[in-house]
>>> print(open('model-v7.txt').read())   # compact mmCIF, C-alpha atoms (C1' of nucleotides)
# COMPACT_ATOMS: atom_id res chain seq x y z
CA MET A 13 191.21 -30.25 51.26
CA ALA A 14 194.43 -28.37 51.23
CA ARG A 15 197.17 -26.53 52.97
CA PRO A 16 196.13 -23.27 54.66
CA LYS A 17 196.34 -20.31 52.35
CA GLU A 18 198.91 -17.61 53.02
CA PHE A 19 201.51 -17.14 55.68
CA ASP A 20 201.47 -13.78 57.44
CA ARG A 21 200.54 -11.56 54.55
CA ASN A 22 200.67 -8.31 56.46
CA ARG A 23 203.99 -9.04 58.03
CA ALA A 24 205.41 -9.75 54.59
CA LEU A 25 203.95 -6.52 53.24
CA ASP A 26 205.42 -4.61 56.15
CA LYS A 27 208.84 -6.06 55.37
CA ALA A 28 208.49 -5.17 51.69
CA MET A 29 207.45 -1.63 52.53
CA ARG A 30 210.52 -1.11 54.68
CA ILE A 31 212.81 -2.37 51.93
CA PHE A 32 211.28 0.01 49.40
CA TRP A 33 211.51 2.76 52.01
CA ARG A 34 215.18 2.18 52.53
CA GLN A 35 216.23 1.64 48.92
CA GLY A 36 213.64 3.22 46.67
CA TYR A 37 211.68 1.55 43.91
CA GLU A 38 214.23 1.15 41.14
CA ALA A 39 217.08 0.18 43.43
CA THR A 40 215.06 -2.61 45.02
CA SER A 41 215.34 -5.90 43.17
CA ILE A 42 213.01 -8.85 43.47
CA GLN A 43 215.93 -10.71 44.96
CA ASN A 44 216.19 -8.06 47.70
CA LEU A 45 212.52 -8.64 48.41
CA VAL A 46 212.91 -12.41 48.45
CA ASP A 47 215.78 -12.11 50.91
CA GLY A 48 214.06 -9.53 53.07
CA MET A 49 210.43 -10.60 53.12
CA GLY A 50 211.22 -14.08 54.33
CA ILE A 51 208.98 -15.76 51.78
CA ASN A 52 209.60 -17.44 48.48
CA ARG A 53 209.86 -15.63 45.19
CA GLN A 54 206.91 -17.50 43.81
CA SER A 55 204.86 -16.63 46.86
CA ILE A 56 205.54 -12.97 46.25
CA TYR A 57 204.18 -13.19 42.73
CA ASP A 58 201.24 -15.33 43.79
CA THR A 59 200.31 -13.06 46.66
CA PHE A 60 201.07 -9.57 45.45
CA GLY A 61 201.37 -9.78 41.67
CA ASP A 62 204.36 -8.14 40.08
CA LYS A 63 206.85 -5.65 41.50
CA GLN A 64 204.79 -2.60 40.62
CA ALA A 65 201.64 -3.98 42.23
CA LEU A 66 203.58 -4.89 45.36
CA PHE A 67 205.01 -1.40 45.49
CA VAL A 68 201.60 0.22 45.15
CA GLU A 69 200.34 -1.91 48.01
CA ALA A 70 203.40 -1.13 50.12
CA LEU A 71 202.86 2.55 49.45
CA SER A 72 199.22 2.36 50.47
CA TYR A 73 200.20 0.49 53.58
CA TYR A 74 202.74 3.16 54.45
CA GLU A 75 200.21 5.89 53.80
CA GLN A 76 197.77 4.15 56.08
CA LEU A 77 200.30 3.84 58.91
CA GLU A 78 201.55 7.39 58.58
CA GLY A 79 198.11 8.85 57.90
CA ALA A 80 196.66 7.26 61.00
CA GLN A 81 199.24 8.98 63.19
CA ILE A 82 198.62 12.33 61.50
CA LEU A 83 194.86 12.01 61.76
CA GLN A 84 195.12 11.12 65.41
CA ALA A 85 197.24 14.18 66.04
CA LEU A 86 195.00 16.55 64.11
CA GLU A 87 191.71 15.29 65.45
CA GLN A 88 192.54 15.63 69.10
CA PRO A 89 190.41 18.30 70.79
CA GLY A 90 191.90 21.50 72.08
CA SER A 91 194.50 23.74 70.56
CA VAL A 92 194.79 23.34 66.82
CA LYS A 93 198.23 24.87 66.82
CA ALA A 94 199.39 22.25 69.26
CA ALA A 95 197.85 19.59 67.05
CA ILE A 96 199.66 20.84 63.97
CA ARG A 97 202.89 21.05 65.91
CA GLN A 98 202.43 17.46 66.89
CA VAL A 99 202.16 16.46 63.22
CA PHE A 100 205.55 17.98 62.56
CA GLN A 101 206.90 16.56 65.77
CA LEU A 102 205.99 13.07 64.57
CA VAL A 103 208.86 13.30 62.12
CA LEU A 104 211.35 14.22 64.82
CA ASP A 105 210.11 11.67 67.31
CA LYS A 106 210.90 8.73 65.07
CA VAL A 107 213.83 6.59 66.00
CA PRO A 108 216.90 7.83 64.10
CA GLU A 109 217.12 4.80 61.83
CA GLU A 110 213.59 5.45 60.65
CA ARG A 111 213.91 9.20 60.54
CA GLU A 112 216.93 8.98 58.28
CA LEU A 113 214.93 7.06 55.71
CA GLY A 114 212.90 10.18 55.06
CA CYS A 115 209.31 9.74 53.96
CA LEU A 116 208.47 6.93 51.56
CA MET A 117 205.81 9.06 49.94
CA VAL A 118 208.08 12.05 49.34
CA ASN A 119 210.95 9.83 48.26
CA SER A 120 208.70 8.03 45.81
CA THR A 121 207.25 11.28 44.52
CA LEU A 122 210.65 12.52 43.48
CA GLU A 123 211.73 9.18 42.13
CA LEU A 124 208.65 8.33 40.10
CA VAL A 125 206.81 11.45 38.98
CA GLY A 126 207.66 11.81 35.31
CA LEU A 127 208.84 8.21 35.04
CA ASP A 128 205.88 5.98 35.79
CA THR A 129 202.44 7.48 35.22
CA LYS A 130 200.61 4.83 37.22
CA LEU A 131 202.81 5.17 40.28
CA ALA A 132 202.86 8.94 39.88
CA ALA A 133 199.08 9.01 40.18
CA VAL A 134 199.26 7.32 43.58
CA VAL A 135 201.73 9.76 45.05
CA THR A 136 200.20 12.95 43.66
CA ASP A 137 196.87 11.85 45.06
CA ASN A 138 198.51 11.79 48.46
CA LEU A 139 199.84 15.32 48.04
CA LYS A 140 196.33 16.67 47.50
CA ASN A 141 195.18 14.85 50.60
CA SER A 142 197.72 16.32 52.96
CA GLU A 143 196.93 19.82 51.78
CA GLY A 144 193.21 19.25 52.31
CA LEU A 145 193.86 17.83 55.74
CA PHE A 146 195.74 20.92 56.83
CA TYR A 147 193.06 23.14 55.32
CA ARG A 148 190.22 21.55 57.25
CA THR A 149 192.24 21.77 60.42
CA LEU A 150 192.94 25.44 59.86
CA VAL A 151 189.23 26.08 59.36
CA ARG A 152 188.69 24.62 62.80
CA ALA A 153 191.39 26.88 64.17
CA GLN A 154 189.64 29.92 62.79
CA GLU A 155 186.30 28.76 64.19
CA GLN A 156 187.91 28.36 67.57
CA GLY A 157 189.38 31.82 67.34
CA GLU A 158 192.92 30.51 67.31
CA LEU A 159 193.63 32.10 63.96
CA ALA A 160 192.76 35.60 62.72
CA THR A 161 189.85 35.59 60.29
CA ASP A 162 191.84 37.48 57.68
CA ARG A 163 194.43 34.74 57.25
CA ASP A 164 194.47 33.00 53.88
CA LEU A 165 193.80 29.40 54.85
CA THR A 166 194.46 27.96 51.41
CA ALA A 167 197.88 29.58 51.30
CA LEU A 168 198.63 28.50 54.86
CA ALA A 169 197.62 24.91 54.17
CA ARG A 170 199.82 24.83 51.09
CA PHE A 171 202.68 26.24 53.10
CA LEU A 172 202.31 23.69 55.87
CA ALA A 173 202.12 20.79 53.43
CA SER A 174 205.19 22.00 51.58
CA SER A 175 207.08 22.66 54.79
CA LEU A 176 206.35 19.17 56.00
CA ARG A 177 207.77 17.84 52.74
CA GLY A 178 210.86 19.97 53.26
CA LEU A 179 211.26 18.68 56.79
CA ARG A 180 211.03 15.13 55.50
CA VAL A 181 213.74 15.81 52.98
CA SER A 182 215.88 17.44 55.63
CA SER A 183 215.31 14.59 58.06
CA LYS A 184 216.90 12.21 55.57
CA ALA A 185 220.07 14.21 55.11
CA VAL A 186 220.47 16.19 58.32
CA LYS A 187 221.44 14.14 61.35
CA ASP A 188 221.44 17.01 63.85
CA LEU A 189 218.14 16.78 65.69
CA LYS A 190 218.46 20.31 67.01
CA ALA A 191 218.64 21.60 63.45
CA LEU A 192 215.41 19.80 62.60
CA GLN A 193 213.77 21.18 65.72
CA ASP A 194 214.75 24.70 64.64
CA ILE A 195 213.00 24.14 61.34
CA VAL A 196 209.81 23.02 63.04
CA ASP A 197 209.83 25.91 65.49
CA VAL A 198 210.25 28.56 62.83
CA THR A 199 207.67 26.89 60.60
CA LEU A 200 205.07 26.85 63.33
CA SER A 201 205.73 30.48 64.22
CA VAL A 202 203.84 31.38 61.06
CA LEU A 203 200.63 30.51 62.83
CA ASP A 204 201.25 33.01 65.64
CA MET B 27 249.73 14.70 14.49
CA ALA B 28 246.22 13.65 15.24
CA ARG B 29 242.54 14.31 15.25
CA PRO B 30 241.44 17.17 17.53
CA LYS B 31 240.77 15.91 21.03
CA GLU B 32 237.24 16.07 22.33
CA PHE B 33 234.06 17.26 20.75
CA ASP B 34 232.09 19.74 22.79
CA ARG B 35 232.72 18.34 26.25
CA ASN B 36 230.59 20.85 28.09
CA ARG B 37 227.65 20.48 25.76
CA ALA B 38 227.79 16.73 26.27
CA LEU B 39 227.94 17.15 30.04
CA ASP B 40 224.98 19.48 29.91
CA LYS B 41 223.00 16.89 27.99
CA ALA B 42 223.95 14.18 30.48
CA MET B 43 222.97 16.38 33.40
CA ARG B 44 219.52 16.95 31.96
CA ILE B 45 218.99 13.25 31.41
CA PHE B 46 219.92 12.47 35.03
CA TRP B 47 217.73 15.36 36.09
CA ARG B 48 214.73 13.97 34.26
CA GLN B 49 215.16 10.29 35.12
CA GLY B 50 217.29 10.02 38.22
CA TYR B 51 220.51 8.08 38.64
CA GLU B 52 219.35 4.48 38.78
CA ALA B 53 216.74 4.84 36.05
CA THR B 54 219.25 6.30 33.61
CA SER B 55 221.05 3.68 31.55
CA ILE B 56 224.26 4.16 29.65
CA GLN B 57 222.21 3.58 26.51
CA ASN B 58 220.00 6.52 27.47
CA LEU B 59 223.12 8.62 27.78
CA VAL B 60 224.51 7.39 24.47
CA ASP B 61 221.24 8.28 22.76
CA GLY B 62 220.88 11.62 24.49
CA MET B 63 224.42 12.97 24.68
CA GLY B 64 224.98 12.64 20.96
CA ILE B 65 228.38 11.03 21.38
CA ASN B 66 229.62 7.48 21.25
CA ARG B 67 229.52 5.09 24.13
CA GLN B 68 233.26 4.70 24.07
CA SER B 69 233.71 8.46 24.08
CA ILE B 70 231.62 8.68 27.24
CA TYR B 71 233.87 6.24 29.04
CA ASP B 72 237.03 7.83 27.66
CA THR B 73 235.93 11.34 28.57
CA PHE B 74 234.04 10.96 31.83
CA GLY B 75 235.00 7.58 33.24
CA ASP B 76 232.18 5.36 34.40
CA LYS B 77 228.54 6.15 35.11
CA GLN B 78 229.14 7.21 38.70
CA ALA B 79 231.95 9.60 37.77
CA LEU B 80 229.82 11.12 35.02
CA PHE B 81 226.98 11.59 37.46
CA VAL B 82 229.20 13.29 40.01
CA GLU B 83 230.40 15.66 37.34
CA ALA B 84 226.86 16.29 36.12
CA LEU B 85 225.81 17.03 39.68
CA SER B 86 228.67 19.48 40.17
CA TYR B 87 227.79 21.13 36.89
CA TYR B 88 224.18 21.48 38.00
CA GLU B 89 225.27 22.86 41.35
CA GLN B 90 227.44 25.38 39.60
CA LEU B 91 224.63 26.54 37.30
CA GLU B 92 222.07 26.72 40.06
CA GLY B 93 224.49 28.13 42.62
CA ALA B 94 225.53 30.94 40.31
CA GLN B 95 221.93 32.11 40.03
CA ILE B 96 221.43 31.94 43.76
CA LEU B 97 224.65 33.78 44.51
CA GLN B 98 223.77 36.49 42.05
CA ALA B 99 220.39 36.93 43.70
CA LEU B 100 221.77 37.00 47.23
CA GLU B 101 224.72 39.27 46.55
CA GLN B 102 222.80 42.08 44.97
CA PRO B 103 222.88 45.23 47.06
CA GLY B 104 219.80 46.59 48.74
CA SER B 105 217.04 44.75 50.54
CA VAL B 106 218.08 41.36 51.81
CA LYS B 107 214.49 40.23 52.09
CA ALA B 108 213.98 41.02 48.42
CA ALA B 109 217.14 39.08 47.62
CA ILE B 110 215.96 36.02 49.52
CA ARG B 111 212.57 36.27 47.88
CA GLN B 112 214.30 36.26 44.54
CA VAL B 113 216.06 33.00 45.43
CA PHE B 114 212.72 31.34 46.00
CA GLN B 115 211.27 33.03 42.96
CA LEU B 116 213.98 31.43 40.84
CA VAL B 117 212.18 28.13 41.27
CA LEU B 118 208.87 29.54 40.09
CA ASP B 119 210.33 31.48 37.20
CA LYS B 120 211.68 28.40 35.50
CA VAL B 121 209.89 27.22 32.38
CA PRO B 122 207.33 24.59 33.39
CA GLU B 123 209.21 21.70 31.76
CA GLU B 124 212.22 22.49 33.89
CA ARG B 125 210.27 23.33 37.01
CA GLU B 126 208.49 20.00 36.94
CA LEU B 127 211.80 18.18 37.08
CA GLY B 128 212.28 19.42 40.60
CA CYS B 129 215.83 20.00 41.79
CA LEU B 130 218.50 17.55 40.73
CA MET B 131 220.25 18.00 44.06
CA VAL B 132 217.16 17.31 46.17
CA ASN B 133 216.08 14.47 43.91
CA SER B 134 219.51 12.91 44.18
CA THR B 135 219.64 13.41 47.92
CA LEU B 136 216.53 11.34 48.43
CA GLU B 137 217.53 8.75 45.89
CA LEU B 138 221.11 8.19 46.98
CA VAL B 139 221.59 8.99 50.66
CA GLY B 140 221.81 5.62 52.35
CA LEU B 141 222.52 3.81 49.09
CA ASP B 142 225.80 5.15 47.76
CA THR B 143 228.17 6.66 50.31
CA LYS B 144 230.31 8.41 47.73
CA LEU B 145 227.39 10.09 45.99
CA ALA B 146 225.77 10.82 49.33
CA ALA B 147 228.84 12.81 50.37
CA VAL B 148 228.42 15.09 47.38
CA VAL B 149 224.80 15.92 48.06
CA THR B 150 225.08 16.36 51.82
CA ASP B 151 227.97 18.72 51.26
CA ASN B 152 225.61 20.82 49.19
CA LEU B 153 223.02 20.90 51.97
CA LYS B 154 225.52 22.43 54.39
CA ASN B 155 226.40 25.04 51.80
CA SER B 156 222.89 26.30 51.23
CA GLU B 157 222.32 26.68 54.95
CA GLY B 158 225.55 28.65 55.32
CA LEU B 159 224.62 30.83 52.39
CA PHE B 160 221.33 31.80 53.97
CA TYR B 161 223.02 32.38 57.31
CA ARG B 162 225.56 34.84 55.94
CA THR B 163 222.82 36.65 54.11
CA LEU B 164 220.74 36.94 57.26
CA VAL B 165 223.73 38.38 59.11
CA ARG B 166 223.83 41.09 56.49
CA ALA B 167 220.13 41.67 56.98
CA GLN B 168 220.65 42.18 60.68
CA GLU B 169 223.55 44.53 60.08
CA GLN B 170 221.39 46.58 57.74
CA GLY B 171 218.66 46.73 60.33
CA GLU B 172 216.27 44.68 58.20
CA LEU B 173 215.95 42.01 60.82
CA ALA B 174 215.46 42.35 64.57
CA THR B 175 218.63 41.62 66.53
CA ASP B 176 216.89 39.07 68.71
CA ARG B 177 216.07 36.73 65.80
CA ASP B 178 217.82 33.35 65.85
CA LEU B 179 219.73 33.45 62.59
CA THR B 180 220.83 29.84 62.71
CA ALA B 181 217.26 28.66 63.11
CA LEU B 182 216.06 31.00 60.40
CA ALA B 183 218.73 29.84 57.97
CA ARG B 184 217.83 26.24 58.63
CA PHE B 185 214.19 27.04 58.07
CA LEU B 186 214.84 28.80 54.78
CA ALA B 187 217.03 26.00 53.49
CA SER B 188 214.45 23.40 54.43
CA SER B 189 211.60 25.45 52.99
CA LEU B 190 213.44 25.80 49.70
CA ARG B 191 213.81 22.02 49.64
CA GLY B 192 210.10 21.68 50.27
CA LEU B 193 209.30 24.10 47.48
CA ARG B 194 211.48 22.10 45.15
CA VAL B 195 209.64 18.92 46.03
CA SER B 196 206.32 20.67 45.59
CA SER B 197 207.36 22.15 42.27
CA LYS B 198 207.84 18.67 40.89
CA ALA B 199 204.42 17.41 41.84
CA VAL B 200 202.23 20.51 41.98
CA LYS B 201 201.44 22.02 38.59
CA ASP B 202 199.40 24.96 39.89
CA LEU B 203 201.74 27.94 39.85
CA LYS B 204 199.48 29.93 42.16
CA ALA B 205 199.81 27.21 44.78
CA LEU B 206 203.59 27.44 44.59
CA GLN B 207 203.40 31.22 44.85
CA ASP B 208 201.31 30.87 48.01
CA ILE B 209 204.02 28.71 49.54
CA VAL B 210 206.71 31.26 48.77
CA ASP B 211 204.66 34.16 50.10
CA VAL B 212 203.89 32.50 53.41
CA THR B 213 207.47 31.29 53.77
CA LEU B 214 208.88 34.76 53.28
CA SER B 215 206.41 36.25 55.76
CA VAL B 216 208.53 34.69 58.48
CA LEU B 217 211.11 37.40 57.91
CA ASP B 218 208.63 40.22 58.58
C1' DG C 11 249.90 11.64 1.07
C1' DA C 12 251.67 9.32 5.25
C1' DT C 13 251.41 9.28 10.39
C1' DG C 14 249.28 9.18 14.70
C1' DT C 15 245.36 9.82 17.34
C1' DT C 16 240.29 10.02 18.09
C1' DT C 17 235.88 9.02 17.01
C1' DT C 18 232.60 5.68 15.72
C1' DG C 19 229.58 1.59 15.51
C1' DG C 20 228.92 -2.66 16.90
C1' DA C 21 229.94 -6.96 18.92
C1' DA C 22 231.38 -9.35 23.14
C1' DT C 23 231.29 -9.99 28.08
C1' DT C 24 229.65 -10.70 32.43
C1' DA C 25 226.06 -9.76 35.52
C1' DT C 26 221.65 -8.91 36.95
C1' DC C 27 216.99 -7.70 36.00
C1' DG C 28 211.76 -9.20 36.38
C1' DT C 29 209.19 -13.04 35.56
C1' DT C 30 207.77 -17.84 34.74
C1' DC C 31 208.15 -22.77 34.99
C1' DC C 32 208.71 -27.00 37.32
C1' DA C 33 209.29 -30.78 40.63
C1' DG C 34 209.23 -32.03 45.22
C1' DA C 35 208.06 -31.29 50.10
C1' DA C 36 204.57 -29.79 53.36
C1' DT C 37 200.11 -29.54 55.14
C1' DT C 38 195.15 -29.93 55.79
C1' DA C 39 190.32 -32.12 55.04
C1' DT C 40 188.30 -36.06 53.65
C1' DA D 23 196.19 -42.97 53.36
C1' DT D 24 194.35 -39.97 49.54
C1' DA D 25 193.56 -35.94 47.41
C1' DA D 26 193.91 -31.09 47.02
C1' DT D 27 196.38 -27.18 47.56
C1' DT D 28 200.33 -24.26 48.93
C1' DC D 29 204.98 -23.57 50.02
C1' DT D 30 209.80 -24.09 48.66
C1' DG D 31 214.19 -23.99 46.03
C1' DG D 32 216.16 -23.68 42.00
C1' DA D 33 216.48 -23.63 37.18
C1' DA D 34 215.20 -21.26 32.96
C1' DC D 35 213.81 -17.30 30.28
C1' DG D 36 214.44 -13.20 27.54
C1' DA D 37 215.76 -8.55 28.33
C1' DT D 38 218.76 -5.29 29.68
C1' DA D 39 222.50 -3.56 32.73
C1' DA D 40 227.52 -1.55 32.80
C1' DT D 41 231.69 -2.10 30.81
C1' DT D 42 235.34 -3.54 27.54
C1' DC D 43 237.22 -4.86 23.10
C1' DC D 44 238.08 -4.24 18.29
C1' DA D 45 238.40 -2.81 13.60
C1' DA D 46 237.17 0.74 10.43
C1' DA D 47 236.51 5.58 9.44
C1' DA D 48 237.73 10.55 10.23
C1' DC D 49 240.90 14.02 10.70
C1' DA D 50 244.87 17.38 11.94
C1' DT D 51 249.57 17.74 11.48
C1' DC D 52 253.93 16.75 9.22
>>> encode(input="model-v7.txt", output="structure tokens")
Amino acid sequence: MARPKEFDRNRALDKAMRIFWRQGYEATSIQNLVDGMGINRQSIYDTFGDKQALFVEALSYYEQLEGAQILQALEQPGSVKAAIRQVFQLVLDKVPEERELGCLMVNSTLELVGLDTKLAAVVTDNLKNSEGLFYRTLVRAQEQGELATDRDLTALARFLASSLRGLRVSSKAVKDLKALQDIVDVTLSVLD
Amino acid sequence: MARPKEFDRNRALDKAMRIFWRQGYEATSIQNLVDGMGINRQSIYDTFGDKQALFVEALSYYEQLEGAQILQALEQPGSVKAAIRQVFQLVLDKVPEERELGCLMVNSTLELVGLDTKLAAVVTDNLKNSEGLFYRTLVRAQEQGELATDRDLTALARFLASSLRGLRVSSKAVKDLKALQDIVDVTLSVLD
DNA sequence: GATGTTTTGGAATTATCGTTCCAGAATTAT
DNA sequence: ATAATTCTGGAACGATAATTCCAAAACATC
């Protein structure tokens, strides 16, 4: 019949995601994507739809990559505090070039909330998730006796989620790794 | 001789700042500024130079407004912990429409670091400042006996600065004021 | 009221934006 | 080979970007 459909779709999406990550949504032109994804302009439109649709998919892909690492860290048996520390440590353990891009989700939140309602819905949904994730983990900590029963888990989960956002902002602008490590250490001391 | 130079320069700059605040740098067009600043396009170029120069000035103006509030909070005599709490509370006490814009400095940091070296210099300079501000305040706390002498003030200052950034991200995406209050309360508990 | 400067509105310019269209080359199954 | 489909490169589209140019209107001083 015909030529085989698609090239390496996922590889192209990965490339696109990294371009959006580095430049943001508005600052990324279709031409940037054509140059960076290694496929033709027409193929981009055929495969991913328009720029907004491609961005949504890139964002989901990023969330999936990042979320998998976080889930793996949180779901490991043993000390919950160590698990939570590992989540924060994930940010520091990135290679510098990646760390200095910050977090695509946080970046996009600040860029798009209030501008694009459709894209805003995607990112705010993610915010809820991260808070819930911390909350369920803290419940486990209390069950294991790692956390006093009188601690306010909702407040703690909100704090951890917000602190992680702060760290991700800081990791984009602060090059000094020791400074970032200080932030993590003090943040985690709240659980003691 | 001639017509009186300038209209209300500061009022125009204030308008421009709020437009950048709401939309970000890239998403703000000169036409947006013409419509919103209430002065002519040509007057914008004559008075402020090009878009980048206007943005830098708007950012400085924002920093000055925000910084004045923070300084006033930190320099008040008495409890340093109360003073620091007040700095965080400033974010929550904003009217919702302003709170949901987040912080122009943080927004701009994530949008422009890595994209525009000149603009990046302005925002990273601000990051250093806020950390130093917290540090000097913590020194005072130690001198007043409000803080144990074995606390690592550098680490604490870094934590506070990063946490404030996180709160400012959260304040843009999280509408629930109680959730934001939880974040502040847990953050400040580190100083106890 | 004349003079000199500024503001104003709009057109002009050059560039780029996102998106679509099209013709030819490539590739697979028949 | 033929036919069907996809990739490719580039042109074309209408819209909008930032910036500049220009002529008319507004205004304070003399």
>>> atom_distance(input="model-v7.txt", atom1="CA of Gly178 in chain A", atom2="CA of Ser189 in chain B")
5.5 Å
>>> residues_around(input="model-v7.txt", residues="range 86-89 of chain B", least_positions_apart="3", cutoff="8 Å", atoms="all atoms listed in the file", output="number ranges by chain")
B: 39-40, 43, 82-83, 92-93, 130-131
>>> interface_residues(input="model-v7.txt", of="chain C", to="chain B", cutoff="6 Å", atoms="all atoms listed in the file", output="PyMOL selection string")
chain C and resi 14-16
>>> closest_residue(input="model-v7.txt", among="B:Gln90, B:Ser196, B:Gln112, B:Gln98", to="chain A", atoms="only C-alpha atoms")
B:Ser196
>>> atom_distance(input="model-v7.txt", atom1="CA of Ala191 in chain A", atom2="CA of Asp142 in chain B")
23.8 Å
>>> residues_around(input="model-v7.txt", residues="range 29-32 of chain C", least_positions_apart="5", cutoff="12 Å", atoms="all atoms listed in the file", output="NGL selection string")
(:A and (42-43 or 53-54 or 56-58 or 61-63)) or (:D and (30-37))
>>> interface_residues(input="model-v7.txt", of="chain B", to="chain A", cutoff="6 Å", atoms="only C-alpha atoms", output="ChimeraX atom specification")
/B:133,136,181,184-185,188-189,191-192,208-209
>>> closest_residue(input="model-v7.txt", among="A:Gly157, A:Pro89, A:Gly144, A:Gly50", to="chain D", atoms="all atoms listed in the file")
A:Gly50
>>> interface_residues(input="model-v7.txt", of="chain D", to="chain B", cutoff="10 Å", atoms="all atoms listed in the file", output="list in words")
DT38, DA39, DA40, DT41, DT42, DA48, DC49, DA50, DT51 and DC52 of chain D
>>> atom_distance(input="model-v7.txt", atom1="CA of Asp218 in chain B", atom2="CA of Ser91 in chain A")
24.8 Å
>>> closest_residue(input="model-v7.txt", among="A:Lys187, A:Arg21, A:Lys93, A:Lys27", to="Gln156 in chain A", atoms="all atoms listed in the file")
A:Lys93
>>> residues_around(input="model-v7.txt", residues="Gln154 in chain A", least_positions_apart="6", cutoff="10 Å", atoms="all atoms listed in the file", output="list in words")
Val92, Ala160, Thr161, Asp162, Arg163 and Leu165 of chain A
>>> axis_aligned_box(input="model-v7.txt", around="range 21-32 of chain C", padding_each_side="6 Å", output="AutoDock Vina command-line options")
--center_x 219.6 --center_y -17.0 --center_z 28.1 --size_x 35.6 --size_y 32.0 --size_z 30.4
>>> closest_residue(input="model-v7.txt", among="A:Leu189, A:Glu158, A:Leu145, A:Thr40", to="Val103 in chain A", atoms="only C-alpha atoms")
A:Leu189
